[in-house]
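For reference, the structure discussed in these notes is given below.
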Amino acid sequence: MKTFDVVVIGGGPGGYIAAIRAAQLGLSVACIDEAKGADGKPALGGTCTNVGCIPSKALLQSSENYEQAGHHFADHGVKVKGLELDLGAMLKRKDKVVKQNNEGIAYLFKKNRVSFFHGRGSFSKIEGEKIEIKVQDEALVARNVIIATGSNPRALPGADFDEKLTLSNTGALEIPEVPKRLGVIGAGVIGLEMGSVWRRLGSQVTILEALPNFLGAADEQIAKEAGKLFAKQGLKMEFGVAITAVKKSSKSVSIQYNASDKSSKTLEVDRLIVSIGRIANTTGLNAEAIGLKLERGFVAVDEDCRTSVANVWAIGDVVRGPMLAHKAEEEGVAVAERIAGQKPHVNLNTIPWVIYTSPEIAWVGKTEQQLKAEGVEYRAGTFPFSANARARALGDTSGLVKFVADKKTDEILGVHIIGPMASELISEAVVAMEFRGAAEDIGMICHAHPSLSEALKDAALAVDKRALNI
């Protein structure tokens with residue numbers, strides 16, 4: 001029986017980062033994870049690295065390159081003849097990117113002397129300050145445990161995942177040939193990103209969404225702009241639908257649903273991606289063995305990620321808050337530091353959100369509709385990428401940047417971007433908001449010219465009606 005200062009259950013972004021940080025702080029650390037790669041070997045990195053963030057971004061980039069070559073390179077004087085899609089090579093490249101990340105995490109464990117145990121970790125018993133966890137045929141004893149078991153895709157009743165015709169995020173990354181007709185249930189991040197990939201590669205994509213509005217979590221102005229751009233690209237979307245039945249044949253899927261006007265419709269597709277949310281992964285954790293409290297399937301925690309059991313912590317998708325890899329990472333670092341006696345903080349209001357479509361969508365902080373609902377007095381400023389010199393040079397001028405700031409103090413309350421490289425540009429806003437910066441602060445900072453970041457400067461100036469380039 002081996003004893004550690006910290007045992008982390010789960011090797012995803014939250015888990016492996018927590019393990020590394022705890023080891024950096026001089027604690028003896030073990031990490032348990034059960035994931036395997038295509039080669040049958042352990043594959044650290046969780047859903048994000050293996051079947052989520054990383055492979056989806058690899059396919060998004062590859063499919064964007066294919067679309068650019070087929071439709072936009074000519075605008076730059078680059079003519080492509082005989083363009084062909086080698087989907088097999090594209091999928092192999094995606095797998096290579098995933099494996100590089102797996103190996104990178106394994107290297108970091110070795111570098112930081114984190115002990116790794118492959119298998120599913122489950123609680124066995126607790127005696128005083130000693131917590132026993134079983135993994136395979138071994139028993140580990142921990143003084144502190146960090147639960148980082150992540151989440152699983154939520155299945156649609158009557159349409160269980162077979163990963164051949166009815167696909168979760170996992171199967172959506174492995175379709176062996178471009179489907180002529182692709183259905184997507186759910187217009188969230190996964191649905192939009194994977195729908196975008198296969199649309200670029202030639203699929204006729206139809207997205208069905210139960211909610212009446214598009215991207216309800218995003219700023220309304222940004223969501224409307226995204227809806228127009230995606231429709232122009234050829235993504236067909238219907239909102240306010242109610243799925244009544246999903247039937248599979250040997251080669252296709254039939255989705256019966258009631259449209260927003262209450263009419264009955266049927267959609268026939270060759271593949272169906274179901275992305276209607278995710279559920280906390282606590283299966284096999286054996287929470288009852290130590291009296292661990294769960295709430296609606298999630299591990300109950302306080303604002304510092306402490307659970308109902310002393311010295312047991314939980315982070316990431318398995319607890320409250322947004323299911324985002326970088327949120328899990330921040331919580332993982334914070335918990336490791338709390339165990340070591342430090343006093344870090346995680347501000348959930350400055351966790352950025354990103355959708356890696358084309359154009360990209362990113363935001364941080366409050367939306368305009370949230371501020372209205374809360375009765376907060378604010379001012380807003382916007383700036384379109386069509387007026388940005390670098391965007392014109394890139395040939396990618398769709399979208400805009402929007403700032404919302406407190407009417408009296410000018411403190412930045414939210415920043416919302418749809419456009420080129422939004423995922424990178426949002427970080428400037430996150431930094432400003434962490435330091436409680438004002439819109440004027442961004443407007444007064446010198447930005448390189450020409451650069452996409454100048455759009456943030458002009459949008460910040462626009463809050464006070466001082467934009468210089470429009």
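By convention in this document, the chains of the structure tokens carry letters A, B, ... by their order, each chain's residues are numbered from 1, and ligands are numbered from 1 in the order they are shown.
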
Discussion item. Please extract the residues of region 77-293 of chain A with a backbone DSSP assignment of alpha helix (DSSP H) and present them as number ranges by chain.
Written reply: A: 87-111, 169-172, 189-200, 220-233

Item to complete: Name the residues of region 75-119 of chain A that fall into strand (DSSP E or B) according to DSSP on the backbone, using the chain letters and numbers of this document, as a list in words.
Response: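 DSSP-assigned strand (DSSP E or B) residues in region 75-119 of chain A: Ser115, Phe116, Phe117 and His118 of chain A.
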
File of the preceding selection, N, CA and C atoms, as a PDB file, in the first residue's frame:
```
ATOM      1  N   SER A 115       3.456  10.109  -9.767  1.00  0.00           N
ATOM      2  CA  SER A 115       3.236   8.675  -9.990  1.00  0.00           C
ATOM      3  C   SER A 115       1.910   8.492 -10.719  1.00  0.00           C
ATOM      4  N   PHE A 116       1.917   7.648 -11.752  1.00  0.00           N
ATOM      5  CA  PHE A 116       0.704   7.434 -12.541  1.00  0.00           C
ATOM      6  C   PHE A 116       0.208   5.999 -12.380  1.00  0.00           C
ATOM      7  N   PHE A 117      -1.098   5.857 -12.169  1.00  0.00           N
ATOM      8  CA  PHE A 117      -1.724   4.541 -12.058  1.00  0.00           C
ATOM      9  C   PHE A 117      -2.848   4.473 -13.078  1.00  0.00           C
ATOM     10  N   HIS A 118      -2.787   3.464 -13.937  1.00  0.00           N
ATOM     11  CA  HIS A 118      -3.804   3.334 -14.976  1.00  0.00           C
ATOM     12  C   HIS A 118      -4.961   2.472 -14.494  1.00  0.00           C
TER      13      HIS A 118
END
```

For Ser451 (chain A), find every residue with an atom within 9 Å (counting only C-alpha atoms), except residues of its own chain fewer than 3 positions away, and show them as a PDB file with N, CA and C atoms, in the first residue's frame.
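Contents of selection-v7.pdb, freshly written:
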```pdb
ATOM      1  N   ASN A 388     -11.180  47.251 -39.935  1.00  0.00           N
ATOM      2  CA  ASN A 388      -9.851  46.966 -39.399  1.00  0.00           C
ATOM      3  C   ASN A 388      -8.898  46.618 -40.536  1.00  0.00           C
ATOM      4  N   ALA A 389      -7.771  47.312 -40.608  1.00  0.00           N
ATOM      5  CA  ALA A 389      -6.841  47.152 -41.730  1.00  0.00           C
ATOM      6  C   ALA A 389      -6.269  45.743 -41.830  1.00  0.00           C
ATOM      7  N   ARG A 390      -5.919  45.136 -40.709  1.00  0.00           N
ATOM      8  CA  ARG A 390      -5.335  43.793 -40.741  1.00  0.00           C
ATOM      9  C   ARG A 390      -6.372  42.774 -41.210  1.00  0.00           C
ATOM     10  N   ALA A 391      -7.607  42.928 -40.778  1.00  0.00           N
ATOM     11  CA  ALA A 391      -8.663  42.009 -41.209  1.00  0.00           C
ATOM     12  C   ALA A 391      -8.866  42.106 -42.718  1.00  0.00           C
ATOM     13  N   HIS A 447      -1.622  49.863 -29.417  1.00  0.00           N
ATOM     14  CA  HIS A 447      -1.722  48.561 -30.065  1.00  0.00           C
ATOM     15  C   HIS A 447      -0.954  48.593 -31.392  1.00  0.00           C
ATOM     16  N   ALA A 448      -0.312  47.482 -31.720  1.00  0.00           N
ATOM     17  CA  ALA A 448       0.476  47.421 -32.955  1.00  0.00           C
ATOM     18  C   ALA A 448      -0.423  47.656 -34.171  1.00  0.00           C
ATOM     19  N   GLU A 454      -6.272  45.982 -32.719  1.00  0.00           N
ATOM     20  CA  GLU A 454      -6.734  47.368 -32.800  1.00  0.00           C
ATOM     21  C   GLU A 454      -8.256  47.466 -32.765  1.00  0.00           C
ATOM     22  N   ALA A 455      -8.923  46.376 -33.157  1.00  0.00           N
ATOM     23  CA  ALA A 455     -10.386  46.375 -33.104  1.00  0.00           C
ATOM     24  C   ALA A 455     -10.862  46.458 -31.654  1.00  0.00           C
TER      25      ALA A 455
END
```

Discussion item. Report, in Å with one decimal, the straight-line distance from CA of Ala242 (chain A) to CA of Ala226 (chain A).
Written reply: 22.9 Å

Item to complete: Please provide as a PyMOL selection string all residues within 6 Å of region 306-310 of chain A, with the sequence filter that same-chain residues fewer than 4 positions apart are discarded (counting only C-alpha atoms).
Response: chain A and resi 292-293+300-302

Can I get the selected residues back with C-alpha atoms, as a short mmCIF file (atom, residue, chain, number, x, y, z; two decimals), in the first residue's frame?
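Listed below is the output, result-v6.cif:
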```cif
data_model
loop_
_atom_site.label_atom_id
_atom_site.label_comp_id
_atom_site.auth_asym_id
_atom_site.auth_seq_id
_atom_site.Cartn_x
_atom_site.Cartn_y
_atom_site.Cartn_z
CA LEU A 292 -19.33 12.13 -0.20
CA LYS A 293 -22.30 14.36 -1.00
CA ALA A 300 -21.14 19.22 -4.12
CA VAL A 301 -18.42 21.78 -3.36
CA ASP A 302 -18.05 25.21 -1.77
#
```

Item to complete: Would you list the contacts of region 81-85 of chain A as a PyMOL selection string, taking every protein, DNA or RNA residue within 8 Å and counting only C-alpha atoms, but skipping same-chain residues closer than 3 positions in sequence?
Response: chain A and resi 66+69-70+201

Item to complete: Excluding region 270-286 of chain A and any residue of its chain fewer than 5 positions from it, enumerate the residues within 6 Å of it, using only C-alpha atoms, and give them as JSON, numbers by chain.
Response: {"A": [122, 123, 149, 150, 151, 152, 153, 154, 165, 166, 167, 168, 179, 181, 182, 183, 184, 185, 186, 191, 252, 298, 318]}

Practice prompt. Find the residue from A:Val29, A:Val97, A:Val205, A:Cys48 that sits nearest to Gln61 (chain A); use only C-alpha atoms when measuring.
Written response: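 Looking at the shortest contact to Gln61 (chain A), the residue is A:Val97.
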
Contacts of region 194-219 of chain A with region 351-373 of chain A up to 9 Å, shortest pair per row, only C-alpha atoms, as JSON lines:
```
{"residue": "A:Met194", "atom": "CA", "partner": "A:Thr357", "partner_atom": "CA", "distance": 8.8}
{"residue": "A:Ser196", "atom": "CA", "partner": "A:Thr357", "partner_atom": "CA", "distance": 6.5}
{"residue": "A:Val197", "atom": "CA", "partner": "A:Thr357", "partner_atom": "CA", "distance": 8.5}
{"residue": "A:Ala217", "atom": "CA", "partner": "A:Thr367", "partner_atom": "CA", "distance": 8.2}
{"residue": "A:Ala218", "atom": "CA", "partner": "A:Thr367", "partner_atom": "CA", "distance": 6.8}
{"residue": "A:Asp219", "atom": "CA", "partner": "A:Thr367", "partner_atom": "CA", "distance": 4.8}
```

Response to the item:
Of A:Gly88, A:Gly234, A:Gly45, A:Gly399, the one sitting nearest Pro176 (chain A) when using only C-alpha atoms is A:Gly88

Practice prompt. Find the residues around Ile290 (chain A) up to 10 Å (only C-alpha atoms counted), leave out those fewer than 5 positions away in its own chain, and share them as a PyMOL selection string.
Written response: chain A and resi 123-127+131-132+308-309+312

How would the residues just picked look written out with N, CA and C atoms as a tab-separated table (two decimals), in the first residue's frame?
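Output saved as out_31.tsv:
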```tsv
chain	number	residue	atom	x	y	z
A	123	PHE	N	-13.26	5.16	-4.27
A	123	PHE	CA	-13.03	5.25	-2.83
A	123	PHE	C	-13.31	3.90	-2.16
A	124	SER	N	-12.47	3.57	-1.18
A	124	SER	CA	-12.63	2.32	-0.45
A	124	SER	C	-13.10	2.58	0.97
A	125	LYS	N	-12.38	3.44	1.69
A	125	LYS	CA	-12.77	3.78	3.06
A	125	LYS	C	-11.99	5.01	3.51
A	126	ILE	N	-12.41	5.55	4.64
A	126	ILE	CA	-11.71	6.69	5.22
A	126	ILE	C	-11.55	6.44	6.72
A	127	GLU	N	-10.34	6.63	7.17
A	127	GLU	CA	-10.04	6.44	8.59
A	127	GLU	C	-9.23	7.63	9.07
A	131	ILE	N	-7.32	8.46	3.55
A	131	ILE	CA	-8.38	8.10	2.60
A	131	ILE	C	-7.82	7.02	1.68
A	132	GLU	N	-8.53	5.90	1.60
A	132	GLU	CA	-8.05	4.79	0.78
A	132	GLU	C	-8.79	4.78	-0.55
A	308	SER	N	-17.96	17.74	0.85
A	308	SER	CA	-18.54	17.52	2.18
A	308	SER	C	-17.63	16.69	3.08
A	309	VAL	N	-16.56	16.13	2.51
A	309	VAL	CA	-15.62	15.31	3.27
A	309	VAL	C	-14.31	16.05	3.43
A	312	VAL	N	-11.06	16.16	0.95
A	312	VAL	CA	-11.45	15.69	-0.39
A	312	VAL	C	-11.97	16.89	-1.16
```
